[in-house]
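K.L.:
This is the structure, below, for whatever I ask next.
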Amino acid sequence: MATISATGAALVWFRRDLRLADNPALHAAIETGRPLILVFIDQRDRALGTAPGEAADWWLHGSLASLARDITAAGGRLSLLRGDPAELIPGLAREHGIAEVFWNRSGEPGIDVRDRTIAATLQGSGTKPHAFAGTTLINPDALLTGSGTPYKVFGAFWRAALRDLAPRPSLPVPQRLPMAATLPAGAALEDWRLRPANPDWAQGFHDRWQPGEAGAAQRLERFLDDALDDYADGRDRPDKPGTSMLSPHLGFGEISPRQVWHSVQARLAAGTGFQAAERFLAEIGWREFAYYLLHHFDDLRTANFNRNFDHFSWRSDADGLAAWQAGQTGIPMVDAGVRQLWATGWMHNRVRMVCASFLVKHLRCDWRDGMAWFEHTLIDADRAVNAASWQWVAGSGADAAPYFRIFNPVRQGERFDPEGRYVQQWVPELARLPLRWIHQPWKAPAITRQTAGLKLGAGYPFPVCDLAAGRDAALAAYKDMKTVSSDTPPD
DNA sequence: GTTTTGTTATC
DNA sequence: ATAACAAAA
């Protein structure tokens with residue numbers, strides 16, 4: 001048994017937990033009374049899938065800048081390192097005489113496994129590792145059905161979770177960060193070039209988002225003040241600021257689900273309607289469910305949760321996929337969503353469902369292609385949530401929408417963008433079209449289109465697929481799949 | 001977290 | 001002719 005140096009430093013390894021408040025690893029490190037070394041390691045491991053998309057990189061830059069500022073204000077310093085943590089962390093431990101290493105678990109099985117080997121290496125060389133929960137509220141191993149199996153239905157899962165969910169109070173922001181005398185020589189954030197320069201396609205991101213802990217807190221307060229009371233309806237309206245827009249902040253750990261939980265409880269105590277709060281917390285619940293599923297089914301990102309879908313006849317439609325990715329499908333709600341994604345790095349949740357359904361059902365493209373694209377373009381790309389959500393829409397997932405629940409993007413537009421303002425904002429080609437036709441421009445009389453300055457096929461595309469035909473083909477493919485899979489014994 | 005279709009009720 | 005509803009997909 002190796003001995004632990006009483007004089008050594010405590011290393012805090014920041015990952016997707018870029019916050020000072022309610023940070024269990026940081027808190028525990030400070031409690032030791034040891035001098036601190038604070039590092040962030042940028043890992044671009046393709047195999048582990050930890051290389052962020054370009055939009056997420058834009059966010060990472062801002063989040064790290066914010067964290068570094070906050071750390072400096074508390075008398076500390078954040079060292080930015082790049083490389084393989086499995087080598088860097090033990091190396092740092094040796095070079096800097098580090099006694100203990102602290103981090104918060106990721107909640108992603110692949111990363112957690114990797115981290116356990118790092119912990120073992122550290123242990124073997126006399127450095128004590130400490131890993132904490134924090135990414136989620138729920139310990140996935142402690143929540144099982146009566147028969148000891150993982151929940152597969154969200155309602156049952158969340159009900160069971162809520163029965164004894166009593167998150168302890170959030171941890172305070174440390175006032176001072178006493179640093180070790182010698183710190184790792186880190187990179188300058190600017191040198192990592194995480195943000196696009198030329199052309200700066202992220203121009204539209206800057207005035208919409210404030211990455212970092214302060215921005216996260218502000219976003220939450222604004223949501224609770226302005227939108228929570230009407231959340232049950234407002235959340236479905238992409239033309240209005242009805243959702244929390246916390247996803248990128250949660251994804252980078254600038255705010256913890258526990259902080260969100262307690263903030264909502266405080267509003268409940270102050271008179272916020274129970275139904276609205278419950279509805280919002282259920283969205284936190286869906287995030288929990290995604291991590292829970294990925295924990296128990298670690299091929300959730302690559303394989304159909306429902307193996308019957310292994311027999312589904314996905315089309316390899318490169319043109320359709322490209323049109324979808326470009327926001328040029330000719331279906332206004334779909335194109336508006338994708339263009340919002342391009343311009344802001346984010347898409348409204350209702351529209352995510354519409355876009356995903358269109359890709360997976362009308363175009364019958366494989367959900368994994370859609371998932372990959374979202375991870376490349378979303379600032380909130382969360383690997384657990386993305387996998388669970390795409391499988392949900394595709395019908396292959398746990399507690400998924402039945403496959404035959406096929407969103408009609410025209411009807412969705414009429415219901416949730418009833419004044420056409422969302423489409424007008426993101427598809428300006430259609431802005432002058434009367435409301436009656438804005439969600440289905442191909443049906444507008446020629447004279448109306450002409451008056452609105454719209455040339456289908458020139459200014460704005462014809463639909464890449466006929467909605468009724470696409471729907472019927474999807475249902476037929478689903479029927480085929482069921483026939484085939486009932487003939488095929490499960491393996 | 002849906003849509004479509006068929007049936008019945010109501011103008 | 002159309003709204004309202006249930007059932008099927």
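Residues are named by chain letter and number: chains run A, B, ... in the order of the structure tokens, numbers start at 1 in each chain, and ligands are numbered from 1 in the order shown.
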Identify every residue of chain B that has at least one atom within 10 Å of any atom of chain A, counting only C-alpha atoms (C1' of nucleotides), and report the result as an mmCIF file with N, CA, C and O atoms (P, O5', C5', C4', C3', O3' and C1' of nucleotides), in the first residue's frame.
P.N.:
data_model
loop_
_atom_site.group_PDB
_atom_site.id
_atom_site.type_symbol
_atom_site.label_atom_id
_atom_site.label_comp_id
_atom_site.auth_asym_id
_atom_site.auth_seq_id
_atom_site.Cartn_x
_atom_site.Cartn_y
_atom_site.Cartn_z
ATOM 1 P P DG B 1 -49.284 14.607 -24.778
ATOM 2 O "O5'" DG B 1 -48.107 13.561 -24.829
ATOM 3 C "C5'" DG B 1 -47.771 13.085 -26.090
ATOM 4 C "C4'" DG B 1 -47.151 14.204 -26.905
ATOM 5 C "C3'" DG B 1 -46.708 13.786 -28.279
ATOM 6 O "O3'" DG B 1 -46.519 14.952 -29.053
ATOM 7 C "C1'" DG B 1 -44.829 14.194 -27.004
ATOM 8 P P DT B 2 -47.740 15.460 -30.035
ATOM 9 O "O5'" DT B 2 -48.007 14.195 -30.948
ATOM 10 C "C5'" DT B 2 -47.079 13.879 -31.963
ATOM 11 C "C4'" DT B 2 -47.828 13.467 -33.202
ATOM 12 C "C3'" DT B 2 -48.967 14.408 -33.613
ATOM 13 O "O3'" DT B 2 -48.637 14.893 -34.886
ATOM 14 C "C1'" DT B 2 -49.660 12.136 -33.660
ATOM 15 P P DT B 3 -49.511 15.910 -35.700
ATOM 16 O "O5'" DT B 3 -50.265 14.922 -36.691
ATOM 17 C "C5'" DT B 3 -49.459 14.120 -37.541
ATOM 18 C "C4'" DT B 3 -50.342 13.142 -38.264
ATOM 19 C "C3'" DT B 3 -51.509 13.783 -39.018
ATOM 20 O "O3'" DT B 3 -51.317 13.450 -40.376
ATOM 21 C "C1'" DT B 3 -52.223 11.886 -37.740
#
K.L.:
Running DSSP on the backbone, which parts of segment 219-358 of chain A land in alpha helix (DSSP H), as a VMD selection string?
P.N.:
chain A and resid 219 to 226 231 to 234 247 to 251 257 to 269 274 to 296 318 to 326 332 to 344 349 to 357
K.L.:
Pick out the closest residue to chain C from this set: A:Arg339, A:Thr145, A:Val351, A:Lys479. Count only C-alpha atoms (C1' of nucleotides).
P.N.:
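So, comparing all the options, the nearest one is A:Lys479.
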K.L.:
Tell me, as a list of chain:residue names, which residues lie within 10 Å of Trp426 of chain A, counting only C-alpha atoms (C1' of nucleotides); anything in the same chain fewer than 2 positions away does not count.
P.N.:
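What passes the distance filter is A:Gly327, A:Pro332, A:Met333, A:Asp335, A:Ala336, A:Gly337, A:Val338, A:Arg339, A:Gln340, A:Leu341, A:Ala343, A:Arg421, A:Tyr422, A:Val423, A:Gln424, A:Pro428, A:Glu429, A:Leu430, A:Ala431.
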K.L.:
Can you spit out the residues from that selection as a compact mmCIF listing (two decimals), in the first residue's frame, using N, CA and C atoms?
P.N.:
# COMPACT_ATOMS: atom_id res chain seq x y z
N GLY A 327 -31.11 22.63 -44.93
CA GLY A 327 -32.32 23.44 -44.76
C GLY A 327 -32.95 23.77 -46.09
N PRO A 332 -41.35 24.05 -45.04
CA PRO A 332 -40.96 25.23 -44.26
C PRO A 332 -40.57 24.96 -42.81
N MET A 333 -41.36 24.18 -42.07
CA MET A 333 -41.01 23.96 -40.67
C MET A 333 -39.67 23.25 -40.52
N ASP A 335 -37.13 23.26 -42.76
CA ASP A 335 -36.04 24.14 -43.16
C ASP A 335 -35.81 25.25 -42.13
N ALA A 336 -36.89 25.75 -41.56
CA ALA A 336 -36.75 26.79 -40.53
C ALA A 336 -35.93 26.25 -39.36
N GLY A 337 -36.25 25.02 -38.95
CA GLY A 337 -35.52 24.44 -37.82
C GLY A 337 -34.04 24.27 -38.13
N VAL A 338 -33.74 23.70 -39.28
CA VAL A 338 -32.34 23.47 -39.62
C VAL A 338 -31.59 24.78 -39.77
N ARG A 339 -32.28 25.77 -40.31
CA ARG A 339 -31.60 27.07 -40.48
C ARG A 339 -31.40 27.77 -39.14
N GLN A 340 -32.36 27.59 -38.23
CA GLN A 340 -32.14 28.11 -36.89
C GLN A 340 -30.91 27.45 -36.28
N LEU A 341 -30.77 26.16 -36.53
CA LEU A 341 -29.61 25.41 -36.03
C LEU A 341 -28.30 25.96 -36.61
N ALA A 343 -27.77 28.93 -37.76
CA ALA A 343 -27.52 30.32 -37.39
C ALA A 343 -27.21 30.49 -35.91
N ARG A 421 -44.66 33.08 -37.78
CA ARG A 421 -43.53 33.99 -37.51
C ARG A 421 -42.20 33.25 -37.45
N TYR A 422 -42.25 32.03 -36.96
CA TYR A 422 -41.00 31.24 -36.90
C TYR A 422 -40.48 30.97 -38.31
N VAL A 423 -41.38 30.58 -39.19
CA VAL A 423 -40.97 30.33 -40.58
C VAL A 423 -40.51 31.63 -41.23
N GLN A 424 -41.23 32.69 -41.00
CA GLN A 424 -40.82 33.98 -41.58
C GLN A 424 -39.41 34.36 -41.16
N PRO A 428 -36.72 33.40 -44.98
CA PRO A 428 -37.18 34.70 -45.47
C PRO A 428 -37.76 34.63 -46.89
N GLU A 429 -37.39 33.60 -47.66
CA GLU A 429 -37.98 33.46 -48.99
C GLU A 429 -39.50 33.42 -48.93
N LEU A 430 -40.03 32.96 -47.78
CA LEU A 430 -41.47 32.76 -47.66
C LEU A 430 -42.16 33.91 -46.92
N ALA A 431 -41.37 34.89 -46.54
CA ALA A 431 -41.89 35.90 -45.60
C ALA A 431 -43.12 36.65 -46.14
K.L.:
Show me, as a PDB file with N, CA and C atoms, in the first residue's frame, the residues that have an atom within 7 Å of segment 194-204 of chain A when counting only C-alpha atoms (C1' of nucleotides), minus same-chain residues fewer than 2 positions from it.
P.N.:
ATOM      1  N   ASP A  57     -17.509  23.327 -29.994  1.00  0.00           N
ATOM      2  CA  ASP A  57     -16.203  23.929 -29.746  1.00  0.00           C
ATOM      3  C   ASP A  57     -16.321  25.437 -29.535  1.00  0.00           C
ATOM      4  N   TRP A  58     -17.219  26.052 -30.303  1.00  0.00           N
ATOM      5  CA  TRP A  58     -17.445  27.488 -30.104  1.00  0.00           C
ATOM      6  C   TRP A  58     -17.854  27.732 -28.657  1.00  0.00           C
ATOM      7  N   HIS A  61     -15.025  27.219 -25.974  1.00  0.00           N
ATOM      8  CA  HIS A  61     -14.137  28.372 -25.834  1.00  0.00           C
ATOM      9  C   HIS A  61     -14.696  29.373 -24.825  1.00  0.00           C
ATOM     10  N   TRP A 192      -5.826  27.544 -28.969  1.00  0.00           N
ATOM     11  CA  TRP A 192      -6.552  26.334 -29.343  1.00  0.00           C
ATOM     12  C   TRP A 192      -7.458  26.574 -30.541  1.00  0.00           C
ATOM     13  N   HIS A 206     -23.074  34.811 -31.053  1.00  0.00           N
ATOM     14  CA  HIS A 206     -22.541  35.707 -30.022  1.00  0.00           C
ATOM     15  C   HIS A 206     -23.614  36.481 -29.265  1.00  0.00           C
ATOM     16  N   ASP A 207     -24.584  37.021 -29.994  1.00  0.00           N
ATOM     17  CA  ASP A 207     -25.555  37.856 -29.289  1.00  0.00           C
ATOM     18  C   ASP A 207     -26.711  37.060 -28.721  1.00  0.00           C
ATOM     19  N   ALA A 343     -27.773  28.926 -37.765  1.00  0.00           N
ATOM     20  CA  ALA A 343     -27.523  30.318 -37.393  1.00  0.00           C
ATOM     21  C   ALA A 343     -27.212  30.489 -35.913  1.00  0.00           C
ATOM     22  N   THR A 344     -27.803  29.630 -35.084  1.00  0.00           N
ATOM     23  CA  THR A 344     -27.691  29.863 -33.639  1.00  0.00           C
ATOM     24  C   THR A 344     -27.059  28.706 -32.875  1.00  0.00           C
TER      25      THR A 344
END
K.L.:
Quick one: residues within 8 Å of Leu189 of chain A, only C-alpha atoms (C1' of nucleotides), excluding same-chain residues fewer than 5 positions away - as a PyMOL selection string?
P.N.:
chain A and resi 61+64-65+80
K.L.:
Mind pulling up the distance from atom CA of Leu88 of chain A to atom CA of Thr117 of chain A?
P.N.:
13.1 Å
K.L.:
Within 10 Å of DT7 of chain B, counting only C-alpha atoms (C1' of nucleotides), which residues qualify if same-chain residues fewer than 4 places away don't, as a ChimeraX atom specification?
P.N.:
/C:5-7
K.L.:
Please produce an output containing all heavy atoms for each residue in the selection, written as a JSON list (two decimals), in the first residue's frame.
P.N.:
[["chain", "number", "residue", "atom", "x", "y", "z"],
["C", 5, "DC", "P", -65.82, 16.60, -28.51],
["C", 5, "DC", "OP1", -66.60, 16.68, -27.27],
["C", 5, "DC", "OP2", -64.54, 17.31, -28.63],
["C", 5, "DC", "O5'", -65.57, 15.06, -28.84],
["C", 5, "DC", "C5'", -66.70, 14.18, -28.92],
["C", 5, "DC", "C4'", -66.26, 12.92, -29.63],
["C", 5, "DC", "O4'", -65.93, 13.21, -30.99],
["C", 5, "DC", "C3'", -65.03, 12.26, -29.03],
["C", 5, "DC", "O3'", -65.42, 11.07, -28.38],
["C", 5, "DC", "C2'", -64.10, 12.01, -30.21],
["C", 5, "DC", "C1'", -65.03, 12.21, -31.41],
["C", 5, "DC", "N1", -64.33, 12.69, -32.63],
["C", 5, "DC", "C2", -64.41, 11.91, -33.78],
["C", 5, "DC", "O2", -65.05, 10.85, -33.77],
["C", 5, "DC", "N3", -63.76, 12.32, -34.91],
["C", 5, "DC", "C4", -63.08, 13.47, -34.89],
["C", 5, "DC", "N4", -62.47, 13.84, -36.03],
["C", 5, "DC", "C5", -63.00, 14.28, -33.72],
["C", 5, "DC", "C6", -63.62, 13.85, -32.63],
["C", 6, "DA", "P", -64.36, 10.20, -27.54],
["C", 6, "DA", "OP1", -65.00, 9.82, -26.26],
["C", 6, "DA", "OP2", -63.05, 10.87, -27.55],
["C", 6, "DA", "O5'", -64.28, 8.91, -28.46],
["C", 6, "DA", "C5'", -65.46, 8.41, -29.10],
["C", 6, "DA", "C4'", -65.07, 7.27, -30.01],
["C", 6, "DA", "O4'", -64.53, 7.79, -31.24],
["C", 6, "DA", "C3'", -63.99, 6.36, -29.43],
["C", 6, "DA", "O3'", -64.29, 5.02, -29.81],
["C", 6, "DA", "C2'", -62.71, 6.88, -30.06],
["C", 6, "DA", "C1'", -63.19, 7.37, -31.43],
["C", 6, "DA", "N9", -62.43, 8.50, -31.97],
["C", 6, "DA", "C8", -62.00, 9.61, -31.31],
["C", 6, "DA", "N7", -61.37, 10.48, -32.08],
["C", 6, "DA", "C5", -61.41, 9.89, -33.34],
["C", 6, "DA", "C6", -60.93, 10.29, -34.59],
["C", 6, "DA", "N6", -60.29, 11.45, -34.80],
["C", 6, "DA", "N1", -61.15, 9.47, -35.64],
["C", 6, "DA", "C2", -61.79, 8.32, -35.44],
["C", 6, "DA", "N3", -62.30, 7.83, -34.30],
["C", 6, "DA", "C4", -62.07, 8.67, -33.28],
["C", 7, "DA", "P", -63.33, 3.82, -29.39],
["C", 7, "DA", "OP1", -64.19, 2.68, -29.03],
["C", 7, "DA", "OP2", -62.30, 4.30, -28.44],
["C", 7, "DA", "O5'", -62.62, 3.49, -30.77],
["C", 7, "DA", "C5'", -63.40, 3.37, -31.95],
["C", 7, "DA", "C4'", -62.50, 3.02, -33.11],
["C", 7, "DA", "O4'", -61.83, 4.22, -33.57],
["C", 7, "DA", "C3'", -61.39, 2.03, -32.74],
["C", 7, "DA", "O3'", -61.26, 1.11, -33.81],
["C", 7, "DA", "C2'", -60.16, 2.90, -32.56],
["C", 7, "DA", "C1'", -60.42, 4.03, -33.55],
["C", 7, "DA", "N9", -59.81, 5.32, -33.21],
["C", 7, "DA", "C8", -59.67, 5.89, -31.97],
["C", 7, "DA", "N7", -59.09, 7.07, -31.99],
["C", 7, "DA", "C5", -58.84, 7.29, -33.35],
["C", 7, "DA", "C6", -58.25, 8.36, -34.03],
["C", 7, "DA", "N6", -57.79, 9.46, -33.43],
["C", 7, "DA", "N1", -58.15, 8.26, -35.37],
["C", 7, "DA", "C2", -58.62, 7.16, -35.97],
["C", 7, "DA", "N3", -59.20, 6.10, -35.43],
["C", 7, "DA", "C4", -59.28, 6.23, -34.10]]
K.L.:
Can you tell me, as a PyMOL selection string, what residues are no more than 12 Å from Ala388 of chain A when counting only C-alpha atoms (C1' of nucleotides), ignoring any on the same chain fewer than 5 positions away?
P.N.:
chain A and resi 152+154+286-295+297-306+367-368+371+382-383+393-401
K.L.:
Check the DSSP output for the backbone and give back, as a ChimeraX atom specification, the residues of segment 10-61 of chain A in strand (DSSP E or B).
P.N.:
/A:10-14,36-42
